[in-house]
Protein chains: 2
Amino acid sequence: MAQSNPPFMSGVPELLLLRLLDQREMYGYELVRSIRNVTDEAISLGEGVIYPALHALERNGALKSRRKPVGGRTRVYYGLTAKGRKRLARLSEDWRRIQSGIETALETPVNASA
Amino acid sequence: MAQSNPPFMSGVPELLLLRLLDQREMYGYELVRSIRNVTDEAISLGEGVIYPALHALERNGALKSRRKPVGGRTRVYYGLTAKGRKRLARLSEDWRRIQSGIETALETPVNASA
DNA sequence: TGTAATACCTATTCATTCAAGGTATTGTGA
DNA sequence: TCACAATACCTTGAATGAATAGGTATTACA
């Protein structure tokens, strides 16, 4: 069963990819492992999520890729474009808005009457 | 255009509804306004999101409803069931996990080398 | 020699958010 | 009293995009 639209995950792969690639060039397989690390194991995204996401981001101009042979194997490295940086800024802002909205809601005192 | 899967919104309507209804019974139209308030205007959900979400939650046993005539008009009030409370606990936990994962990722120092 | 790890990829599923509509009643103010 | 806003419920249709489950090929290693 393809558990789609899993709670709270929409937009997350894109945000994390852009964020990581804003720091340095990386390749897909590396990003998969990296996401587990930088989120302290809280978020784990499979290759079936990462590769399509990378392709979509490149297609719409947020990323540029270059193939780089490393030890007989070929890696595809991705880096941010100016558009990608803008997109990252926008997404970060969106995230913070939602995040603080939910935090406010969850922190509302539970029934002072009880 | 049905701007679907907007960044970071998956699961959010469900979480907010359960959270609000955990405090007191409310009806749909009231919840729409309430969500804007408790999220400090950060999140606004239309009736086209709220009503289907309420129906789905009731269908799967997280909510129970009762019709209550108020001034000639009929309101449908919703309240949490035990299952709904369990669901809320689970969703809150999920949220906190994702939230802290992303926070960790976003806070990672930007390229100490630069 | 065979299995794990690396490294890339695609097809399909499907849940759900959203915009845009619709109905009917009550309140209001001109 | 006429019209319009607000209240209160609802459904349809479209689009998205994350996840699962596959697949290929190479290198490392035991």
# chains A, B, ... in the order shown; residues from 1 in each chain; ligands from 1
>>> interface_residues(of="chain B", to="chain C", cutoff="12 Å", atoms="only C-alpha atoms (C1' of nucleotides)", output="short mmCIF file (atom, residue, chain, number, x, y, z; two decimals) with N, CA and C atoms, in the first residue's frame")
data_model
loop_
_atom_site.label_atom_id
_atom_site.label_comp_id
_atom_site.auth_asym_id
_atom_site.auth_seq_id
_atom_site.Cartn_x
_atom_site.Cartn_y
_atom_site.Cartn_z
N MET B 1 -7.23 26.31 -10.37
CA MET B 1 -6.26 25.22 -10.14
C MET B 1 -6.28 24.77 -8.68
N ALA B 2 -6.42 23.51 -8.47
CA ALA B 2 -6.50 23.01 -7.10
C ALA B 2 -5.13 22.81 -6.47
N GLN B 3 -4.55 23.89 -6.07
CA GLN B 3 -3.23 23.86 -5.42
C GLN B 3 -3.16 22.79 -4.34
N SER B 4 -2.95 21.55 -4.76
CA SER B 4 -2.97 20.43 -3.81
C SER B 4 -1.61 20.22 -3.18
N ASN B 5 -1.63 19.39 -2.18
CA ASN B 5 -0.38 19.09 -1.47
C ASN B 5 0.49 20.32 -1.29
N PRO B 6 -0.11 21.38 -0.78
CA PRO B 6 0.68 22.57 -0.55
C PRO B 6 1.72 22.25 0.50
N PRO B 7 2.89 22.81 0.36
CA PRO B 7 3.98 22.49 1.25
C PRO B 7 3.58 22.47 2.72
N PHE B 8 3.90 21.38 3.36
CA PHE B 8 3.81 21.30 4.82
C PHE B 8 2.40 21.23 5.38
N MET B 9 1.39 21.03 4.52
CA MET B 9 0.03 21.02 5.04
C MET B 9 -0.55 19.62 5.24
N SER B 10 0.15 18.59 4.80
CA SER B 10 -0.46 17.27 4.94
C SER B 10 -0.55 16.86 6.41
N GLY B 11 -1.71 16.45 6.81
CA GLY B 11 -1.93 16.03 8.19
C GLY B 11 -2.32 17.16 9.12
N VAL B 12 -2.10 18.38 8.66
CA VAL B 12 -2.32 19.54 9.52
C VAL B 12 -3.81 19.76 9.87
N PRO B 13 -4.71 19.68 8.87
CA PRO B 13 -6.11 19.83 9.22
C PRO B 13 -6.55 18.82 10.28
N GLU B 14 -6.16 17.59 10.09
CA GLU B 14 -6.56 16.55 11.05
C GLU B 14 -6.03 16.84 12.45
N SER B 44 -5.02 28.99 7.67
CA SER B 44 -6.43 29.22 7.40
C SER B 44 -6.97 28.09 6.53
N LEU B 45 -7.95 27.39 7.03
CA LEU B 45 -8.50 26.26 6.29
C LEU B 45 -9.95 26.51 5.92
N GLY B 46 -10.27 26.35 4.64
CA GLY B 46 -11.63 26.59 4.16
C GLY B 46 -12.60 25.49 4.53
N GLU B 47 -13.87 25.76 4.29
CA GLU B 47 -14.91 24.77 4.59
C GLU B 47 -14.75 23.53 3.73
N GLY B 48 -14.21 23.72 2.55
CA GLY B 48 -14.00 22.60 1.64
C GLY B 48 -12.95 21.63 2.15
N VAL B 49 -12.18 22.08 3.13
CA VAL B 49 -11.21 21.19 3.77
C VAL B 49 -11.80 20.62 5.05
N ILE B 50 -12.43 21.50 5.82
CA ILE B 50 -12.92 21.11 7.14
C ILE B 50 -14.04 20.08 7.12
N PRO B 52 -15.13 17.83 4.79
CA PRO B 52 -14.72 16.47 4.42
C PRO B 52 -13.83 15.83 5.49
N ALA B 53 -12.97 16.63 6.11
CA ALA B 53 -12.08 16.08 7.13
C ALA B 53 -12.88 15.60 8.34
N ALA B 56 -14.61 12.36 7.47
CA ALA B 56 -13.68 11.24 7.43
C ALA B 56 -13.31 10.80 8.85
N VAL B 70 -30.05 25.41 16.96
CA VAL B 70 -29.71 26.66 17.66
C VAL B 70 -30.32 27.82 16.91
N GLY B 71 -31.36 28.39 17.49
CA GLY B 71 -32.03 29.54 16.86
C GLY B 71 -32.53 29.23 15.46
N GLY B 72 -33.29 28.17 15.32
CA GLY B 72 -33.89 27.84 14.03
C GLY B 72 -32.93 27.18 13.06
N ARG B 73 -31.65 27.33 13.32
CA ARG B 73 -30.62 26.74 12.48
C ARG B 73 -30.10 25.47 13.13
N THR B 74 -29.65 24.53 12.35
CA THR B 74 -29.12 23.30 12.96
C THR B 74 -27.60 23.25 12.85
N ARG B 75 -27.00 23.04 13.98
CA ARG B 75 -25.55 22.89 13.98
C ARG B 75 -25.19 21.44 14.25
#
>>> interface_residues(of="chain D", to="chain A", cutoff="12 Å", atoms="only C-alpha atoms (C1' of nucleotides)", output="number ranges by chain")
D: 16-23, 25-28
>>> select_by_dssp(residues="chain A", states="helix (DSSP H, G or I)", output="PyMOL selection string")
chain A and resi 12-21+28-38+47-59+82-107
>>> write_last_selection(atoms="C-alpha atoms", output="tab-separated table (two decimals), in the first residue's frame")
chain	number	residue	atom	x	y	z
A	12	VAL	CA	9.65	18.04	3.48
A	13	PRO	CA	11.79	16.16	0.95
A	14	GLU	CA	12.12	19.28	-1.17
A	15	LEU	CA	13.02	21.47	1.79
A	16	LEU	CA	15.67	19.09	3.07
A	17	LEU	CA	17.24	18.55	-0.34
A	18	LEU	CA	17.49	22.26	-1.00
A	19	ARG	CA	18.85	22.89	2.44
A	20	LEU	CA	21.56	20.24	2.17
A	21	LEU	CA	22.56	21.22	-1.34
A	28	GLY	CA	21.56	11.17	-4.64
A	29	TYR	CA	22.68	8.17	-2.69
A	30	GLU	CA	24.66	10.43	-0.41
A	31	LEU	CA	21.62	12.63	0.19
A	32	VAL	CA	19.59	9.64	1.29
A	33	ARG	CA	22.06	8.89	4.07
A	34	SER	CA	22.65	12.53	4.82
A	35	ILE	CA	18.99	13.24	5.50
A	36	ARG	CA	18.93	10.60	8.19
A	37	ASN	CA	21.98	12.17	9.77
A	38	VAL	CA	21.05	15.84	9.74
A	47	GLU	CA	15.65	6.49	-2.92
A	48	GLY	CA	12.21	6.23	-4.47
A	49	VAL	CA	11.47	9.62	-2.96
A	50	ILE	CA	14.83	11.29	-3.40
A	51	TYR	CA	15.59	10.55	-7.05
A	52	PRO	CA	12.23	11.68	-8.43
A	53	ALA	CA	12.44	14.79	-6.24
A	54	LEU	CA	15.91	15.62	-7.54
A	55	HIS	CA	14.77	15.19	-11.12
A	56	ALA	CA	11.76	17.43	-10.57
A	57	LEU	CA	13.89	20.11	-8.94
A	58	GLU	CA	16.35	20.04	-11.80
A	59	ARG	CA	13.55	20.10	-14.36
A	82	ALA	CA	19.97	31.01	-7.90
A	83	LYS	CA	16.39	29.91	-8.44
A	84	GLY	CA	16.95	27.07	-6.03
A	85	ARG	CA	18.20	29.42	-3.38
A	86	LYS	CA	15.13	31.59	-3.80
A	87	ARG	CA	12.96	28.51	-3.58
A	88	LEU	CA	14.74	27.46	-0.39
A	89	ALA	CA	14.18	30.86	1.18
A	90	ARG	CA	10.49	30.71	0.34
A	91	LEU	CA	10.05	27.18	1.61
A	92	SER	CA	11.89	27.91	4.85
A	93	GLU	CA	9.58	30.83	5.43
A	94	ASP	CA	6.51	28.70	4.71
A	95	TRP	CA	7.78	26.09	7.09
A	96	ARG	CA	8.34	28.55	9.88
A	97	ARG	CA	4.88	30.00	9.44
A	98	ILE	CA	3.13	26.63	9.62
A	99	GLN	CA	5.41	25.47	12.39
A	100	SER	CA	4.73	28.42	14.62
A	101	GLY	CA	1.01	28.27	13.85
A	102	ILE	CA	0.84	24.67	15.00
A	103	GLU	CA	3.03	25.31	17.99
A	104	THR	CA	0.67	28.07	19.08
A	105	ALA	CA	-2.30	25.77	18.63
A	106	LEU	CA	-0.75	22.85	20.49
A	107	GLU	CA	0.36	25.06	23.35
>>> closest_residue(among="B:Val76, B:Thr39, B:Met26, B:Arg67", to="chain A", atoms="only C-alpha atoms")
B:Thr39
>>> calpha_fit_and_write(fixed="chain B", moving="chain A", output="compact mmCIF listing (two decimals) with N, CA and C atoms, in the first residue's frame")
# COMPACT_ATOMS: atom_id res chain seq x y z
N MET A 1 -7.00 26.09 -10.33
CA MET A 1 -6.03 25.00 -10.11
C MET A 1 -6.06 24.53 -8.67
N ALA A 2 -6.23 23.27 -8.49
CA ALA A 2 -6.33 22.74 -7.12
C ALA A 2 -4.97 22.46 -6.51
N GLN A 3 -4.30 23.50 -6.13
CA GLN A 3 -2.99 23.40 -5.49
C GLN A 3 -2.97 22.30 -4.43
N SER A 4 -2.70 21.07 -4.89
CA SER A 4 -2.75 19.92 -3.98
C SER A 4 -1.44 19.77 -3.23
N ASN A 5 -1.48 18.96 -2.21
CA ASN A 5 -0.27 18.71 -1.43
C ASN A 5 0.55 19.97 -1.21
N PRO A 6 -0.06 21.01 -0.73
CA PRO A 6 0.67 22.24 -0.50
C PRO A 6 1.73 21.99 0.56
N PRO A 7 2.85 22.64 0.43
CA PRO A 7 3.97 22.40 1.33
C PRO A 7 3.57 22.39 2.80
N PHE A 8 3.93 21.32 3.45
CA PHE A 8 3.84 21.24 4.91
C PHE A 8 2.43 21.17 5.47
N MET A 9 1.43 20.97 4.61
CA MET A 9 0.07 20.98 5.12
C MET A 9 -0.52 19.59 5.32
N SER A 10 0.17 18.55 4.87
CA SER A 10 -0.45 17.23 5.01
C SER A 10 -0.53 16.82 6.47
N GLY A 11 -1.69 16.41 6.87
CA GLY A 11 -1.92 16.00 8.26
C GLY A 11 -2.31 17.14 9.17
N VAL A 12 -2.08 18.36 8.70
CA VAL A 12 -2.32 19.52 9.56
C VAL A 12 -3.79 19.74 9.90
N PRO A 13 -4.69 19.67 8.91
CA PRO A 13 -6.10 19.83 9.24
C PRO A 13 -6.55 18.82 10.30
N GLU A 14 -6.18 17.58 10.11
CA GLU A 14 -6.58 16.55 11.06
C GLU A 14 -6.05 16.83 12.46
N LEU A 15 -4.78 17.20 12.53
CA LEU A 15 -4.18 17.48 13.84
C LEU A 15 -4.89 18.63 14.55
N LEU A 16 -5.15 19.70 13.82
CA LEU A 16 -5.78 20.86 14.43
C LEU A 16 -7.20 20.57 14.87
N LEU A 17 -7.95 19.86 14.03
CA LEU A 17 -9.32 19.51 14.40
C LEU A 17 -9.34 18.69 15.68
N LEU A 18 -8.52 17.67 15.72
CA LEU A 18 -8.50 16.80 16.90
C LEU A 18 -8.09 17.59 18.14
N ARG A 19 -7.12 18.44 17.94
CA ARG A 19 -6.63 19.23 19.07
C ARG A 19 -7.73 20.16 19.62
N LEU A 20 -8.42 20.84 18.73
CA LEU A 20 -9.46 21.76 19.16
C LEU A 20 -10.62 21.02 19.81
N LEU A 21 -11.00 19.91 19.21
CA LEU A 21 -12.15 19.16 19.72
C LEU A 21 -11.81 18.41 20.99
N ASP A 22 -10.54 18.33 21.30
CA ASP A 22 -10.13 17.70 22.55
C ASP A 22 -10.44 18.63 23.71
N GLN A 23 -10.61 19.91 23.41
CA GLN A 23 -10.87 20.88 24.46
C GLN A 23 -12.36 21.06 24.72
N ARG A 24 -13.11 21.12 23.61
CA ARG A 24 -14.56 21.20 23.75
C ARG A 24 -15.26 20.89 22.44
N GLU A 25 -16.52 20.54 22.53
CA GLU A 25 -17.34 20.32 21.35
C GLU A 25 -17.44 21.58 20.51
N MET A 26 -17.35 21.39 19.20
CA MET A 26 -17.52 22.55 18.32
C MET A 26 -18.19 22.10 17.04
N TYR A 27 -18.71 23.05 16.27
CA TYR A 27 -19.31 22.73 14.99
C TYR A 27 -18.43 23.26 13.86
N GLY A 28 -18.66 22.74 12.68
CA GLY A 28 -17.78 22.97 11.54
C GLY A 28 -17.44 24.42 11.26
N TYR A 29 -18.45 25.20 11.12
CA TYR A 29 -18.24 26.61 10.79
C TYR A 29 -17.43 27.31 11.86
N GLU A 30 -17.65 26.88 13.09
CA GLU A 30 -16.93 27.46 14.23
C GLU A 30 -15.45 27.05 14.17
N LEU A 31 -15.23 25.81 13.77
CA LEU A 31 -13.85 25.30 13.68
C LEU A 31 -13.04 26.06 12.63
N VAL A 32 -13.71 26.41 11.54
CA VAL A 32 -13.03 27.17 10.49
C VAL A 32 -12.46 28.47 11.05
N ARG A 33 -13.29 29.19 11.81
CA ARG A 33 -12.83 30.45 12.39
C ARG A 33 -11.80 30.20 13.49
N SER A 34 -12.08 29.18 14.27
CA SER A 34 -11.24 28.86 15.41
C SER A 34 -9.80 28.55 15.01
N ILE A 35 -9.66 27.86 13.89
CA ILE A 35 -8.31 27.48 13.45
C ILE A 35 -7.48 28.71 13.12
N ARG A 36 -8.13 29.69 12.54
CA ARG A 36 -7.40 30.94 12.27
C ARG A 36 -6.94 31.57 13.58
N ASN A 37 -7.82 31.54 14.55
CA ASN A 37 -7.49 32.16 15.83
C ASN A 37 -6.36 31.46 16.58
N VAL A 38 -6.53 30.15 16.79
CA VAL A 38 -5.54 29.45 17.61
C VAL A 38 -4.17 29.35 16.95
N THR A 39 -4.12 29.55 15.63
CA THR A 39 -2.81 29.51 14.97
C THR A 39 -2.30 30.92 14.73
N ASP A 40 -2.99 31.88 15.34
CA ASP A 40 -2.54 33.26 15.22
C ASP A 40 -2.50 33.70 13.76
N GLU A 41 -3.53 33.31 13.02
CA GLU A 41 -3.68 33.66 11.59
C GLU A 41 -2.66 32.98 10.68
N ALA A 42 -1.80 32.15 11.24
CA ALA A 42 -0.76 31.51 10.43
C ALA A 42 -1.35 30.46 9.50
N ILE A 43 -2.41 29.83 9.95
CA ILE A 43 -3.04 28.78 9.15
C ILE A 43 -4.52 29.06 8.99
N SER A 44 -4.98 28.99 7.74
CA SER A 44 -6.38 29.23 7.45
C SER A 44 -6.91 28.10 6.57
N LEU A 45 -7.91 27.40 7.08
CA LEU A 45 -8.47 26.28 6.32
C LEU A 45 -9.92 26.54 5.97
N GLY A 46 -10.24 26.38 4.69
CA GLY A 46 -11.59 26.65 4.22
C GLY A 46 -12.56 25.54 4.57
N GLU A 47 -13.83 25.83 4.34
CA GLU A 47 -14.88 24.85 4.64
C GLU A 47 -14.74 23.60 3.78
N GLY A 48 -14.21 23.79 2.57
CA GLY A 48 -14.02 22.67 1.67
C GLY A 48 -12.97 21.70 2.15
N VAL A 49 -12.17 22.13 3.12
CA VAL A 49 -11.20 21.24 3.75
C VAL A 49 -11.77 20.67 5.04
N ILE A 50 -12.39 21.55 5.82
CA ILE A 50 -12.86 21.16 7.14
C ILE A 50 -14.00 20.14 7.11
N TYR A 51 -15.03 20.40 6.31
CA TYR A 51 -16.17 19.47 6.34
C TYR A 51 -15.80 18.06 5.91
N PRO A 52 -15.11 17.92 4.78
CA PRO A 52 -14.71 16.55 4.40
C PRO A 52 -13.84 15.90 5.47
N ALA A 53 -12.97 16.68 6.10
CA ALA A 53 -12.08 16.12 7.12
C ALA A 53 -12.89 15.64 8.32
N LEU A 54 -13.88 16.43 8.72
CA LEU A 54 -14.74 16.04 9.84
C LEU A 54 -15.48 14.74 9.52
N HIS A 55 -16.00 14.67 8.30
CA HIS A 55 -16.75 13.47 7.92
C HIS A 55 -15.86 12.24 7.94
N ALA A 56 -14.63 12.41 7.43
CA ALA A 56 -13.71 11.28 7.40
C ALA A 56 -13.35 10.84 8.82
N LEU A 57 -13.14 11.80 9.69
CA LEU A 57 -12.78 11.47 11.08
C LEU A 57 -13.94 10.78 11.79
N GLU A 58 -15.15 11.20 11.49
CA GLU A 58 -16.29 10.53 12.11
C GLU A 58 -16.45 9.12 11.55
N ARG A 59 -16.27 9.00 10.24
CA ARG A 59 -16.40 7.71 9.58
C ARG A 59 -15.46 6.68 10.20
N ASN A 60 -14.26 7.11 10.53
CA ASN A 60 -13.33 6.13 11.07
C ASN A 60 -13.29 6.13 12.61
N GLY A 61 -14.30 6.76 13.19
CA GLY A 61 -14.49 6.58 14.62
C GLY A 61 -13.71 7.49 15.56
N ALA A 62 -13.08 8.51 15.03
CA ALA A 62 -12.31 9.41 15.89
C ALA A 62 -13.21 10.51 16.48
N LEU A 63 -14.32 10.77 15.79
CA LEU A 63 -15.25 11.80 16.25
C LEU A 63 -16.66 11.23 16.31
N LYS A 64 -17.48 11.82 17.17
CA LYS A 64 -18.90 11.54 17.15
C LYS A 64 -19.60 12.88 17.01
N SER A 65 -20.72 12.90 16.31
CA SER A 65 -21.42 14.16 16.09
C SER A 65 -22.84 14.10 16.65
N ARG A 66 -23.37 15.27 16.97
CA ARG A 66 -24.79 15.33 17.30
C ARG A 66 -25.34 16.64 16.77
N ARG A 67 -26.56 16.58 16.26
CA ARG A 67 -27.19 17.75 15.68
C ARG A 67 -27.87 18.52 16.79
N LYS A 68 -27.72 19.82 16.75
CA LYS A 68 -28.26 20.64 17.82
C LYS A 68 -28.86 21.89 17.21
N PRO A 69 -30.17 22.06 17.34
CA PRO A 69 -30.81 23.25 16.77
C PRO A 69 -30.47 24.48 17.62
N VAL A 70 -30.02 25.50 16.97
CA VAL A 70 -29.67 26.74 17.68
C VAL A 70 -30.27 27.92 16.93
N GLY A 71 -31.31 28.51 17.52
CA GLY A 71 -31.96 29.65 16.89
C GLY A 71 -32.49 29.35 15.51
N GLY A 72 -33.23 28.28 15.35
CA GLY A 72 -33.85 27.95 14.07
C GLY A 72 -32.89 27.29 13.10
N ARG A 73 -31.60 27.44 13.37
CA ARG A 73 -30.59 26.85 12.51
C ARG A 73 -30.08 25.56 13.16
N THR A 74 -29.63 24.62 12.36
CA THR A 74 -29.10 23.39 12.95
C THR A 74 -27.59 23.33 12.84
N ARG A 75 -26.98 23.11 13.96
CA ARG A 75 -25.52 22.96 13.97
C ARG A 75 -25.18 21.50 14.23
N VAL A 76 -24.08 21.07 13.64
CA VAL A 76 -23.60 19.72 13.90
C VAL A 76 -22.35 19.82 14.77
N TYR A 77 -22.50 19.42 16.01
CA TYR A 77 -21.38 19.49 16.95
C TYR A 77 -20.58 18.20 16.94
N TYR A 78 -19.27 18.35 17.00
CA TYR A 78 -18.39 17.19 17.01
C TYR A 78 -17.60 17.12 18.31
N GLY A 79 -17.39 15.89 18.75
CA GLY A 79 -16.57 15.68 19.95
C GLY A 79 -15.65 14.49 19.74
N LEU A 80 -14.58 14.43 20.52
CA LEU A 80 -13.62 13.33 20.40
C LEU A 80 -14.14 12.05 21.04
N THR A 81 -13.78 10.94 20.43
CA THR A 81 -14.00 9.64 21.06
C THR A 81 -12.66 9.20 21.66
N ALA A 82 -12.68 8.07 22.33
CA ALA A 82 -11.43 7.54 22.89
C ALA A 82 -10.43 7.31 21.76
N LYS A 83 -10.95 6.77 20.66
CA LYS A 83 -10.11 6.52 19.49
C LYS A 83 -9.51 7.83 18.97
N GLY A 84 -10.32 8.86 19.02
CA GLY A 84 -9.85 10.16 18.56
C GLY A 84 -8.73 10.70 19.43
N ARG A 85 -8.87 10.46 20.71
CA ARG A 85 -7.81 10.92 21.63
C ARG A 85 -6.51 10.17 21.38
N LYS A 86 -6.64 8.88 21.11
CA LYS A 86 -5.44 8.09 20.79
C LYS A 86 -4.80 8.62 19.51
N ARG A 87 -5.66 8.87 18.55
CA ARG A 87 -5.19 9.37 17.26
C ARG A 87 -4.48 10.72 17.44
N LEU A 88 -5.01 11.55 18.29
CA LEU A 88 -4.41 12.86 18.55
C LEU A 88 -3.03 12.70 19.19
N ALA A 89 -2.93 11.77 20.12
CA ALA A 89 -1.65 11.54 20.79
C ALA A 89 -0.60 11.11 19.77
N ARG A 90 -1.03 10.19 18.89
CA ARG A 90 -0.10 9.67 17.88
C ARG A 90 0.33 10.75 16.91
N LEU A 91 -0.64 11.55 16.46
CA LEU A 91 -0.33 12.60 15.50
C LEU A 91 0.58 13.66 16.11
N SER A 92 0.32 14.00 17.37
CA SER A 92 1.15 15.01 18.05
C SER A 92 2.59 14.53 18.10
N GLU A 93 2.73 13.25 18.41
CA GLU A 93 4.06 12.66 18.49
C GLU A 93 4.76 12.71 17.13
N ASP A 94 4.02 12.31 16.08
CA ASP A 94 4.55 12.37 14.72
C ASP A 94 5.01 13.79 14.40
N TRP A 95 4.15 14.72 14.72
CA TRP A 95 4.46 16.11 14.43
C TRP A 95 5.76 16.54 15.10
N ARG A 96 5.86 16.22 16.37
CA ARG A 96 7.05 16.63 17.12
C ARG A 96 8.31 16.00 16.55
N ARG A 97 8.19 14.76 16.10
CA ARG A 97 9.36 14.10 15.53
C ARG A 97 9.83 14.83 14.25
N ILE A 98 8.90 15.01 13.34
CA ILE A 98 9.22 15.70 12.08
C ILE A 98 9.74 17.10 12.38
N GLN A 99 9.03 17.78 13.24
CA GLN A 99 9.36 19.16 13.56
C GLN A 99 10.79 19.28 14.07
N SER A 100 11.15 18.41 14.99
CA SER A 100 12.48 18.53 15.56
C SER A 100 13.54 18.08 14.56
N GLY A 101 13.18 17.12 13.70
CA GLY A 101 14.09 16.70 12.65
C GLY A 101 14.42 17.85 11.71
N ILE A 102 13.41 18.57 11.32
CA ILE A 102 13.61 19.69 10.40
C ILE A 102 14.34 20.83 11.08
N GLU A 103 13.99 21.06 12.33
CA GLU A 103 14.66 22.12 13.06
C GLU A 103 16.16 21.84 13.11
N THR A 104 16.50 20.59 13.44
CA THR A 104 17.91 20.20 13.48
C THR A 104 18.58 20.46 12.13
N ALA A 105 17.89 20.06 11.08
CA ALA A 105 18.45 20.23 9.74
C ALA A 105 18.63 21.71 9.38
N LEU A 106 17.63 22.51 9.69
CA LEU A 106 17.72 23.93 9.32
C LEU A 106 18.75 24.67 10.16
N GLU A 107 18.99 24.16 11.34
CA GLU A 107 19.92 24.86 12.24
C GLU A 107 21.37 24.51 11.99
N THR A 108 21.60 23.43 11.23
CA THR A 108 22.98 23.07 10.91
C THR A 108 23.70 24.30 10.37
N PRO A 109 24.82 24.66 10.96
CA PRO A 109 25.53 25.87 10.56
C PRO A 109 25.80 25.89 9.06
N VAL A 110 25.61 27.02 8.46
CA VAL A 110 25.80 27.16 7.02
C VAL A 110 27.28 27.31 6.71
N ASN A 111 27.82 26.27 6.06
CA ASN A 111 29.18 26.32 5.54
C ASN A 111 30.19 27.13 6.36
N ALA A 112 30.72 26.51 7.37
CA ALA A 112 31.70 27.16 8.22
C ALA A 112 32.87 27.71 7.41
N SER A 113 33.07 27.14 6.22
CA SER A 113 34.20 27.52 5.37
C SER A 113 34.00 28.91 4.73
N ALA A 114 32.78 29.23 4.42
CA ALA A 114 32.49 30.50 3.76
C ALA A 114 32.58 31.63 4.77
>>> select_by_dssp(residues="chain A", states="strand (DSSP E or B)", output="list in words")
Met26, Tyr27, Leu63, Lys64, Ser65, Arg66, Arg67, Lys68, Pro69, Val70, Arg73, Thr74, Arg75, Val76, Tyr77, Tyr78, Gly79 and Leu80 of chain A
>>> write_last_selection(atoms="C-alpha atoms", output="PDB file, in the first residue's frame")
ATOM      1  CA  MET A  26      26.049  16.056  -3.170  1.00  0.00           C
ATOM      2  CA  TYR A  27      24.820  13.017  -5.079  1.00  0.00           C
ATOM      3  CA  LEU A  63      19.148  22.392  -9.269  1.00  0.00           C
ATOM      4  CA  LYS A  64      21.862  21.741 -11.806  1.00  0.00           C
ATOM      5  CA  SER A  65      23.598  18.386 -12.066  1.00  0.00           C
ATOM      6  CA  ARG A  66      26.905  17.138 -13.372  1.00  0.00           C
ATOM      7  CA  ARG A  67      28.100  13.586 -13.812  1.00  0.00           C
ATOM      8  CA  LYS A  68      31.355  12.765 -12.126  1.00  0.00           C
ATOM      9  CA  PRO A  69      33.119   9.411 -12.414  1.00  0.00           C
ATOM     10  CA  VAL A  70      34.411   8.241  -9.065  1.00  0.00           C
ATOM     11  CA  ARG A  73      31.328   4.366 -10.833  1.00  0.00           C
ATOM     12  CA  THR A  74      29.444   7.441 -12.003  1.00  0.00           C
ATOM     13  CA  ARG A  75      27.874   9.782  -9.534  1.00  0.00           C
ATOM     14  CA  VAL A  76      25.453  12.545 -10.368  1.00  0.00           C
ATOM     15  CA  TYR A  77      26.209  15.584  -8.258  1.00  0.00           C
ATOM     16  CA  TYR A  78      23.595  18.250  -7.684  1.00  0.00           C
ATOM     17  CA  GLY A  79      24.032  21.879  -6.734  1.00  0.00           C
ATOM     18  CA  LEU A  80      21.700  24.814  -6.129  1.00  0.00           C
TER      19      LEU A  80
END
